[in-house]
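I have placed the structure first, in the form of structure tokens, so that the comments after it can refer back to it.
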Amino acid sequence: MKRNKNLKTLIYHGSIWVLGLLMIYPILWTIASSLKPENEIFRNAASLIPSEIRWDNYLQGWEGFGNLSFATFFINSTFVTTMVVIGTLFSSTLVAFGFARVNFRFRMPLFVCMIITLMLPQQVTLIPQYILFHKLGWVNTYLPLIVPAFIGGIPFFIFLMIQFIRGIPRELDEAAYMDGCSMFGIFWRVVLPLTTPALATVAIFSFYWTWDDFMTPLVYLNDTKLYTVALGLQMFSDPASVSAWGPMFAMSVASIIPQLLVFLFFQKYLVEGITAGGVKG
Amino acid sequence: MPEQANVAKYNSNSDKLHKQWKVDLIGFAFISPWLIGFLGFIIGPMLASLYFSFTNYDLLTAPTWIGLDNYINMFTNDSRFWQAIKVTFIFVFGSVPLKLVFALFVAMLFNTKRRGVGLYRTLYYVPSILGGSVAIAVVWKQLFGGDGAINDILSLFGIPSISWVTSPDFALSTLILLVVWQFGSPMLIFLAGLKAIPAELYEAAAVDGASPFHQFIKITIPMLSPVIFFNLVMQTIQGFMAFTQSFLITEGGPMDRTLFYAVYLYEKAFAHFDMGYASALAWILLLICGIFTAFIFRTAKSWVYYESEGGK
């Protein structure tokens with residue numbers, strides 16, 4: 001009986017490892033290819049072990065193209081992402097508190113509107129927004145990327161915060177109200193400090209989606225000096241301009257390192273965010 | 001009723017009314033960022049886009065009204081529109097069920113108290129973290145390229161090289177595979193759903209002699225149905241919106257075989273600057289998504305089981 005159980009455990013772990021290796025093979029392959037000498041990348045392609053480690057792929061890739069190094073793209077992406085995260089935290093907490101805790105008229109119909117926009121395909125508003133930003137003279141600036149975050153551009157985050165704030169006991173609000181606290185005071189001193197885990201989730205998700213975002217910068221940024229990492233990498237990997245594959249793979253790896261680091265350190269909040277949206281929704 | 005009581009009632013009502021007015025102001029102040037965005041960046045632009053869809057508009061000259069011409073053209077005279085619809089439907093119906101089945105399967109594997117599950121969960125989730133990035137799209141193209149790693153591995157089994165990305169037969173499947181590979185989010189949602197199913201249900205079923213398959217059909221699926229529903233809606237909408245994979249890996253080709261709807265729309269708007277036509281395309285997309293969501297919601301009543309209604 002015991003042996004049988006051990007065998008089962010072995011099969012379980014064994015098959016999960018095999019499947020798991022298959023799952024992350026493409027990522028390992030990218031990392032391996034980024035360290036391989038040029039002539040080895042597509043000869044003996046499947047191998048994950050470089051015959052010698054070539055760190056200069058990274059140095060060469062970092063230099064980028066034209067006069068633009070990847071340092072520029074990373075600075076641009078960091079700036080845009082930081083601003084978007086700040087904007088998202090600002091708008092999602094305020095709006096969520098309003099919906100979750102203030103009994104104003106038209107609250108329900110507006111809440112329903114918000115939920116509907118949760119399912120609105122981005123492409124539907126893309127063109128008129130582009131026309132609007134074009135008229136405002138915002139094309140080829142970061143404003144179209146950043147401003148929407150400050151006005152609740154991604155309702156998913158508002159929804160997530162509402163779910164979380166609903167879980168905070170109302171008695172706390174009432175006690176603070178009795179003590180003469182204003183609504184804003186309740187928001188700022190009572191509710192906001194208790195939402196820290198949800199704030200982390202929101203910050204991490206908005207970091208991910210902004211760092212990854214390809215379509216918005218593609219539409220709004222023309223000047224290569226303004227390119228984010230996603231756009232820079234796309235240009236760098238353009239078949240017409242790729243002269244060396246090693247640096248291309250190296251920069252692919254570099255572009256996902258921030259995401260990997262955040263994932264490793266803040267995994268817990270990510271998992272909570274995904275499941276909170278889905279199960280209790 | 002004595003008059004005094006009436007007066008008191010009136011007073012408290014007006015007091016209430018006065019207070020409600022204050023509460024409204026506070027409420028709207030809190031939601032104002034979203035409200036501004038909703039009116040200025042969603043409702044306004046959507047109405048504008050509805051108007052543009054009836055015009056010929058190239059962004060430089062003023063829009064000219066052409067009535068239903070864009071829509072009529074699209075349905076009767078634009079084979080690429082139909083191709084984009086076809087490709088997008090195949091993509092959505094190919095990738096969403098596969099992704100969800102896989103996500104559920106893996107979630108069930110992980111729904112155990114064995115050691116190491118936390119690590120495994122991380123391992124299986126990594127592709128979903130990175131899969132949407134430009135880096136992975138760029139790499140995917142090389143991985144499945146003519147002399148990429150996949151062909152190298154297949155050659156070990158004596159399978160001849162296939163040019164996955166440039167072949168009309170395989171290009172779309174390659175993109176579907178990329179999306180299915182990122183099953184991490186629905187997997188985590190399923191896993192949380194599975195953990196919420198009371199163990200007593202399974203114990204009782206096992207005592208009654210139900211096979212694991214029976215338990216799956218009679219307990220797991222119904223108990224999980226709200227979660228399946230959520231995943232289905234979200235993944236379907238995401239599928240209709242897919243852009244990056246096709247744009248970067250296959251550029252809609254070969255021979256429009258991977259022309260996603262969003263890619264076609266992008267091309268019309270930002271390569272041809274045919275904003276009127278592209279707006280019409282966007283409205284049709286909204287309509288399609290709306291019909292599908294409504295369909296899923298409609299049928300939900302018959303297969304989604306809510307404990308609070310059915311159980312208690």
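Each chain of the structure tokens is named A, B, ... in the order shown, its residues numbered from 1; ligands are numbered from 1 in display order.
If you count only C-alpha atoms and ignore residues fewer than 5 places along the chain from region 141-143 of chain B, what sits within 9 Å of it is Pro26, Trp29, Thr30, Phe42, Ala45 and Ala46 of chain A; Ile136, Gly148, Ala149, Ile150, Asn151, Trp164, Val165, Leu248, Ile249 and Thr250 of chain B.
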Those same residues - N, CA, C and O atoms - I'd like them written as an mmCIF file, in the first residue's frame.
data_model
loop_
_atom_site.group_PDB
_atom_site.id
_atom_site.type_symbol
_atom_site.label_atom_id
_atom_site.label_comp_id
_atom_site.auth_asym_id
_atom_site.auth_seq_id
_atom_site.Cartn_x
_atom_site.Cartn_y
_atom_site.Cartn_z
ATOM 1 N N PRO A 26 10.172 27.764 -23.818
ATOM 2 C CA PRO A 26 10.395 28.950 -24.673
ATOM 3 C C PRO A 26 11.162 30.059 -23.963
ATOM 4 O O PRO A 26 11.952 30.764 -24.581
ATOM 5 N N TRP A 29 14.747 28.951 -23.525
ATOM 6 C CA TRP A 29 15.375 29.003 -24.846
ATOM 7 C C TRP A 29 15.778 30.441 -25.197
ATOM 8 O O TRP A 29 16.841 30.686 -25.746
ATOM 9 N N THR A 30 14.920 31.386 -24.843
ATOM 10 C CA THR A 30 15.242 32.800 -25.100
ATOM 11 C C THR A 30 16.497 33.197 -24.331
ATOM 12 O O THR A 30 17.403 33.829 -24.886
ATOM 13 N N PHE A 42 20.824 29.302 -34.448
ATOM 14 C CA PHE A 42 19.906 28.526 -35.273
ATOM 15 C C PHE A 42 20.524 27.213 -35.757
ATOM 16 O O PHE A 42 19.902 26.478 -36.499
ATOM 17 N N ALA A 45 19.558 24.399 -32.772
ATOM 18 C CA ALA A 45 18.712 25.447 -32.193
ATOM 19 C C ALA A 45 18.066 25.055 -30.871
ATOM 20 O O ALA A 45 17.932 25.886 -29.973
ATOM 21 N N ALA A 46 17.655 23.793 -30.750
ATOM 22 C CA ALA A 46 16.866 23.410 -29.576
ATOM 23 C C ALA A 46 17.675 23.409 -28.288
ATOM 24 O O ALA A 46 17.109 23.439 -27.198
ATOM 25 N N ILE B 136 8.259 38.168 -26.103
ATOM 26 C CA ILE B 136 7.849 36.790 -26.360
ATOM 27 C C ILE B 136 7.309 36.651 -27.786
ATOM 28 O O ILE B 136 7.566 35.656 -28.468
ATOM 29 N N GLY B 148 14.122 27.185 -36.471
ATOM 30 C CA GLY B 148 13.984 27.421 -35.036
ATOM 31 C C GLY B 148 14.024 26.134 -34.235
ATOM 32 O O GLY B 148 14.177 25.031 -34.766
ATOM 33 N N ALA B 149 13.865 26.300 -32.921
ATOM 34 C CA ALA B 149 14.039 25.176 -32.009
ATOM 35 C C ALA B 149 12.964 24.105 -32.191
ATOM 36 O O ALA B 149 13.242 22.911 -32.053
ATOM 37 N N ILE B 150 11.737 24.518 -32.508
ATOM 38 C CA ILE B 150 10.653 23.536 -32.609
ATOM 39 C C ILE B 150 10.934 22.546 -33.737
ATOM 40 O O ILE B 150 10.824 21.326 -33.558
ATOM 41 N N ASN B 151 11.340 23.062 -34.891
ATOM 42 C CA ASN B 151 11.675 22.169 -35.988
ATOM 43 C C ASN B 151 12.863 21.290 -35.645
ATOM 44 O O ASN B 151 12.922 20.126 -36.035
ATOM 45 N N TRP B 164 6.312 27.185 -39.779
ATOM 46 C CA TRP B 164 5.088 27.415 -39.025
ATOM 47 C C TRP B 164 4.487 28.791 -39.279
ATOM 48 O O TRP B 164 3.295 28.923 -39.526
ATOM 49 N N VAL B 165 5.324 29.799 -39.172
ATOM 50 C CA VAL B 165 4.804 31.163 -39.174
ATOM 51 C C VAL B 165 4.422 31.625 -40.574
ATOM 52 O O VAL B 165 3.498 32.411 -40.756
ATOM 53 N N LEU B 248 2.639 41.326 -34.684
ATOM 54 C CA LEU B 248 4.084 41.185 -34.578
ATOM 55 C C LEU B 248 4.616 39.898 -35.198
ATOM 56 O O LEU B 248 5.697 39.883 -35.767
ATOM 57 N N ILE B 249 3.881 38.809 -35.071
ATOM 58 C CA ILE B 249 4.457 37.531 -35.473
ATOM 59 C C ILE B 249 4.198 37.242 -36.944
ATOM 60 O O ILE B 249 5.096 36.861 -37.678
ATOM 61 N N THR B 250 2.967 37.431 -37.383
ATOM 62 C CA THR B 250 2.658 37.062 -38.761
ATOM 63 C C THR B 250 2.280 38.269 -39.618
ATOM 64 O O THR B 250 2.094 38.133 -40.821
#
### Task
Tell me, as a PyMOL selection string, which residues lie within 8 Å of region 31-40 of chain B, counting only C-alpha atoms; anything in the same chain fewer than 6 positions away does not count.
chain A and resi 91+94-96+98-99+148+150-153
Taking N, CA and C atoms for each residue, export the selection above as a PDB file, in the first residue's frame.
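Dumped everything to again_38.pdb:
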ATOM      1  N   SER A  91      -6.853  57.344  -8.972  1.00  0.00           N
ATOM      2  CA  SER A  91      -8.249  57.310  -9.414  1.00  0.00           C
ATOM      3  C   SER A  91      -8.993  56.105  -8.849  1.00  0.00           C
ATOM      4  N   LEU A  94     -10.034  56.615  -4.959  1.00  0.00           N
ATOM      5  CA  LEU A  94     -11.075  57.632  -4.767  1.00  0.00           C
ATOM      6  C   LEU A  94     -12.428  57.143  -5.289  1.00  0.00           C
ATOM      7  N   VAL A  95     -12.420  56.668  -6.526  1.00  0.00           N
ATOM      8  CA  VAL A  95     -13.673  56.268  -7.159  1.00  0.00           C
ATOM      9  C   VAL A  95     -14.286  55.066  -6.441  1.00  0.00           C
ATOM     10  N   ALA A  96     -13.423  54.114  -6.083  1.00  0.00           N
ATOM     11  CA  ALA A  96     -13.939  52.917  -5.403  1.00  0.00           C
ATOM     12  C   ALA A  96     -14.552  53.295  -4.065  1.00  0.00           C
ATOM     13  N   GLY A  98     -15.943  56.108  -3.289  1.00  0.00           N
ATOM     14  CA  GLY A  98     -17.217  56.751  -3.602  1.00  0.00           C
ATOM     15  C   GLY A  98     -18.313  55.721  -3.846  1.00  0.00           C
ATOM     16  N   PHE A  99     -18.000  54.720  -4.667  1.00  0.00           N
ATOM     17  CA  PHE A  99     -19.013  53.718  -4.998  1.00  0.00           C
ATOM     18  C   PHE A  99     -19.311  52.803  -3.814  1.00  0.00           C
ATOM     19  N   PRO A 148      -5.258  58.919 -19.205  1.00  0.00           N
ATOM     20  CA  PRO A 148      -6.382  58.020 -18.928  1.00  0.00           C
ATOM     21  C   PRO A 148      -6.275  57.312 -17.566  1.00  0.00           C
ATOM     22  N   PHE A 150      -5.285  58.543 -14.791  1.00  0.00           N
ATOM     23  CA  PHE A 150      -5.731  59.439 -13.728  1.00  0.00           C
ATOM     24  C   PHE A 150      -7.252  59.601 -13.703  1.00  0.00           C
ATOM     25  N   ILE A 151      -7.908  59.211 -14.780  1.00  0.00           N
ATOM     26  CA  ILE A 151      -9.366  59.335 -14.789  1.00  0.00           C
ATOM     27  C   ILE A 151     -10.006  57.959 -14.926  1.00  0.00           C
ATOM     28  N   GLY A 152      -9.426  57.006 -14.223  1.00  0.00           N
ATOM     29  CA  GLY A 152     -10.052  55.686 -14.138  1.00  0.00           C
ATOM     30  C   GLY A 152     -10.146  54.959 -15.451  1.00  0.00           C
ATOM     31  N   GLY A 153      -9.091  55.083 -16.268  1.00  0.00           N
ATOM     32  CA  GLY A 153      -9.096  54.497 -17.603  1.00  0.00           C
ATOM     33  C   GLY A 153      -9.312  52.998 -17.628  1.00  0.00           C
TER      34      GLY A 153
END
#### Entry: Pick from A:Glu52, A:Glu40, A:Glu171, A:Glu63, whichever lies nearest to chain B using only C-alpha atoms
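Ranking A:Glu52, A:Glu40, A:Glu171, A:Glu63 by distance to chain B, first place goes to A:Glu40.
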### Query
Counting only C-alpha atoms, what is within 9 Å of region 188-199 of chain B, bar same-chain residues fewer than 3 positions away, as a ChimeraX atom specification?
/A:271,274-279 /B:103-104,106-108,110-111,121,125,183-185,202-204,219-220,223-224,226-228,231
### Query
Skipping near chain neighbours, those fewer than 5 positions away, what residues fall within 12 Å of Leu60 (chain B) using only C-alpha atoms, listed as a PyMOL selection string?
(chain A and resi 131+134-135) or (chain B and resi 273-275)
### Task
Pick out the closest residue to Leu21 (chain A) from this set: B:Phe297, B:Leu156, B:Tyr124, B:Leu175. Count only C-alpha atoms.
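Checking each of B:Phe297, B:Leu156, B:Tyr124, B:Leu175 against Leu21 (chain A), counting only C-alpha atoms, the winner is B:Tyr124.
Across the structure, CA of Gly252 (chain B) and CA of Ala84 (chain B) are spaced 9.2 Å apart.
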Long-range neighbours of Ser173 (chain B) as a compact mmCIF listing (two decimals) with all heavy atoms, in the first residue's frame, 10 Å cut-off, only C-alpha atoms, 2 positions minimum in chain:
# COMPACT_ATOMS: atom_id res chain seq x y z
N ILE B 90 -12.32 31.75 -35.83
CA ILE B 90 -11.54 30.52 -35.66
C ILE B 90 -10.59 30.67 -34.48
O ILE B 90 -10.46 29.78 -33.63
CB ILE B 90 -10.71 30.19 -36.94
CG1 ILE B 90 -11.64 29.95 -38.12
CG2 ILE B 90 -9.82 28.98 -36.71
CD1 ILE B 90 -10.93 29.74 -39.43
N PHE B 91 -9.98 31.85 -34.38
CA PHE B 91 -9.04 32.10 -33.29
C PHE B 91 -9.74 32.02 -31.94
O PHE B 91 -9.28 31.33 -31.02
CB PHE B 91 -8.40 33.48 -33.47
CG PHE B 91 -7.51 33.90 -32.35
CD1 PHE B 91 -6.27 33.31 -32.17
CD2 PHE B 91 -7.91 34.88 -31.46
CE1 PHE B 91 -5.46 33.68 -31.13
CE2 PHE B 91 -7.11 35.26 -30.42
CZ PHE B 91 -5.87 34.66 -30.25
N GLY B 94 -11.10 28.49 -31.33
CA GLY B 94 -10.01 27.53 -31.18
C GLY B 94 -9.28 27.73 -29.87
O GLY B 94 -8.95 26.75 -29.19
N SER B 95 -9.04 28.97 -29.50
CA SER B 95 -8.16 29.19 -28.35
C SER B 95 -8.90 29.18 -27.01
O SER B 95 -8.40 28.61 -26.04
CB SER B 95 -7.39 30.51 -28.52
OG SER B 95 -8.28 31.60 -28.54
N TRP B 164 6.31 27.18 -39.78
CA TRP B 164 5.09 27.41 -39.02
C TRP B 164 4.49 28.79 -39.28
O TRP B 164 3.29 28.92 -39.53
CB TRP B 164 5.38 27.27 -37.52
CG TRP B 164 5.84 25.92 -37.16
CD1 TRP B 164 7.13 25.47 -37.07
CD2 TRP B 164 5.02 24.78 -36.86
NE1 TRP B 164 7.16 24.15 -36.73
CE2 TRP B 164 5.89 23.70 -36.60
CE3 TRP B 164 3.64 24.59 -36.80
CZ2 TRP B 164 5.42 22.44 -36.27
CZ3 TRP B 164 3.18 23.33 -36.47
CH2 TRP B 164 4.05 22.28 -36.22
N VAL B 165 5.32 29.80 -39.17
CA VAL B 165 4.80 31.16 -39.17
C VAL B 165 4.42 31.62 -40.57
O VAL B 165 3.50 32.41 -40.76
CB VAL B 165 5.85 32.11 -38.55
CG1 VAL B 165 5.39 33.54 -38.61
CG2 VAL B 165 6.11 31.70 -37.11
N PRO B 168 0.49 29.08 -44.77
CA PRO B 168 -0.93 29.43 -44.63
C PRO B 168 -1.69 28.43 -43.77
O PRO B 168 -2.68 28.78 -43.14
CB PRO B 168 -1.46 29.41 -46.07
CG PRO B 168 -0.25 29.52 -46.93
CD PRO B 168 0.89 28.93 -46.17
N ASP B 169 -1.21 27.18 -43.74
CA ASP B 169 -1.93 26.16 -42.98
C ASP B 169 -1.65 26.21 -41.49
O ASP B 169 -2.48 25.82 -40.69
CB ASP B 169 -1.58 24.76 -43.51
CG ASP B 169 -2.03 24.59 -44.94
OD1 ASP B 169 -3.05 25.20 -45.30
OD2 ASP B 169 -1.35 23.88 -45.70
N PHE B 170 -0.46 26.64 -41.11
CA PHE B 170 -0.07 26.51 -39.71
C PHE B 170 0.02 27.84 -38.96
O PHE B 170 0.10 27.84 -37.74
CB PHE B 170 1.28 25.79 -39.59
CG PHE B 170 1.21 24.35 -40.00
CD1 PHE B 170 1.76 23.93 -41.19
CD2 PHE B 170 0.57 23.42 -39.19
CE1 PHE B 170 1.68 22.60 -41.58
CE2 PHE B 170 0.48 22.09 -39.57
CZ PHE B 170 1.03 21.68 -40.77
N ALA B 171 0.05 28.95 -39.68
CA ALA B 171 0.31 30.24 -39.03
C ALA B 171 -0.68 30.51 -37.90
O ALA B 171 -0.29 30.85 -36.78
CB ALA B 171 0.28 31.36 -40.06
N LEU B 175 -0.32 30.88 -33.58
CA LEU B 175 -0.77 31.98 -32.72
C LEU B 175 -1.72 31.46 -31.63
O LEU B 175 -1.67 31.91 -30.48
CB LEU B 175 -1.48 33.06 -33.55
CG LEU B 175 -0.65 33.73 -34.64
CD1 LEU B 175 -1.42 34.88 -35.25
CD2 LEU B 175 0.68 34.22 -34.09
N ILE B 176 -2.57 30.50 -32.00
CA ILE B 176 -3.49 29.92 -31.00
C ILE B 176 -2.68 29.27 -29.89
O ILE B 176 -2.97 29.45 -28.71
CB ILE B 176 -4.45 28.91 -31.67
CG1 ILE B 176 -5.44 29.66 -32.57
CG2 ILE B 176 -5.20 28.09 -30.62
CD1 ILE B 176 -6.41 28.78 -33.33
N LEU B 177 -1.64 28.56 -30.29
CA LEU B 177 -0.78 27.90 -29.30
C LEU B 177 -0.18 28.92 -28.33
O LEU B 177 -0.13 28.69 -27.12
CB LEU B 177 0.34 27.15 -30.03
CG LEU B 177 1.10 26.13 -29.19
CD1 LEU B 177 0.17 25.02 -28.74
CD2 LEU B 177 2.26 25.55 -29.98
N LEU B 178 0.25 30.05 -28.87
CA LEU B 178 0.84 31.09 -28.03
C LEU B 178 -0.16 31.57 -26.97
O LEU B 178 0.19 31.81 -25.81
CB LEU B 178 1.30 32.27 -28.90
CG LEU B 178 1.74 33.55 -28.20
CD1 LEU B 178 2.85 33.30 -27.21
CD2 LEU B 178 2.17 34.60 -29.20
N VAL B 179 -1.42 31.70 -27.38
CA VAL B 179 -2.42 32.21 -26.44
C VAL B 179 -2.81 31.13 -25.42
O VAL B 179 -2.99 31.42 -24.24
CB VAL B 179 -3.67 32.69 -27.21
CG1 VAL B 179 -4.68 33.28 -26.27
CG2 VAL B 179 -3.27 33.71 -28.24
N THR B 258 -4.00 35.15 -40.98
CA THR B 258 -4.05 35.48 -39.55
C THR B 258 -4.50 36.93 -39.37
O THR B 258 -4.12 37.59 -38.41
CB THR B 258 -2.67 35.30 -38.88
OG1 THR B 258 -1.75 36.15 -39.55
CG2 THR B 258 -2.20 33.88 -38.95
### Message
Write out as a ChimeraX atom specification the set of residues from region 36-275 of chain A that DSSP, computed on the backbone, places in helix (DSSP H, G or I).
### Response
/A:38-40,56-62,70-101,107-117,122-135,143-150,155-166,170-178,183-194,196-212,215-220,224-226,229-236,245-275
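Nearest-residue note for Ile284 (chain B): choosing from B:Thr166, B:Thr112, B:Thr244, B:Asn70, the minimum distance belongs to B:Asn70, counting only C-alpha atoms.
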### Task
Would you mind telling me which residue in A:Val102, A:Leu221, A:Ala176, A:Met251 lies nearest to Phe70 (chain A) when using only C-alpha atoms?
A:Met251
### Query
Given the choices A:Phe205, A:Phe184, A:Phe90, A:Tyr25, which gets closest to Val23 (chain B) if the distance is worked out from only C-alpha atoms?
A:Phe184
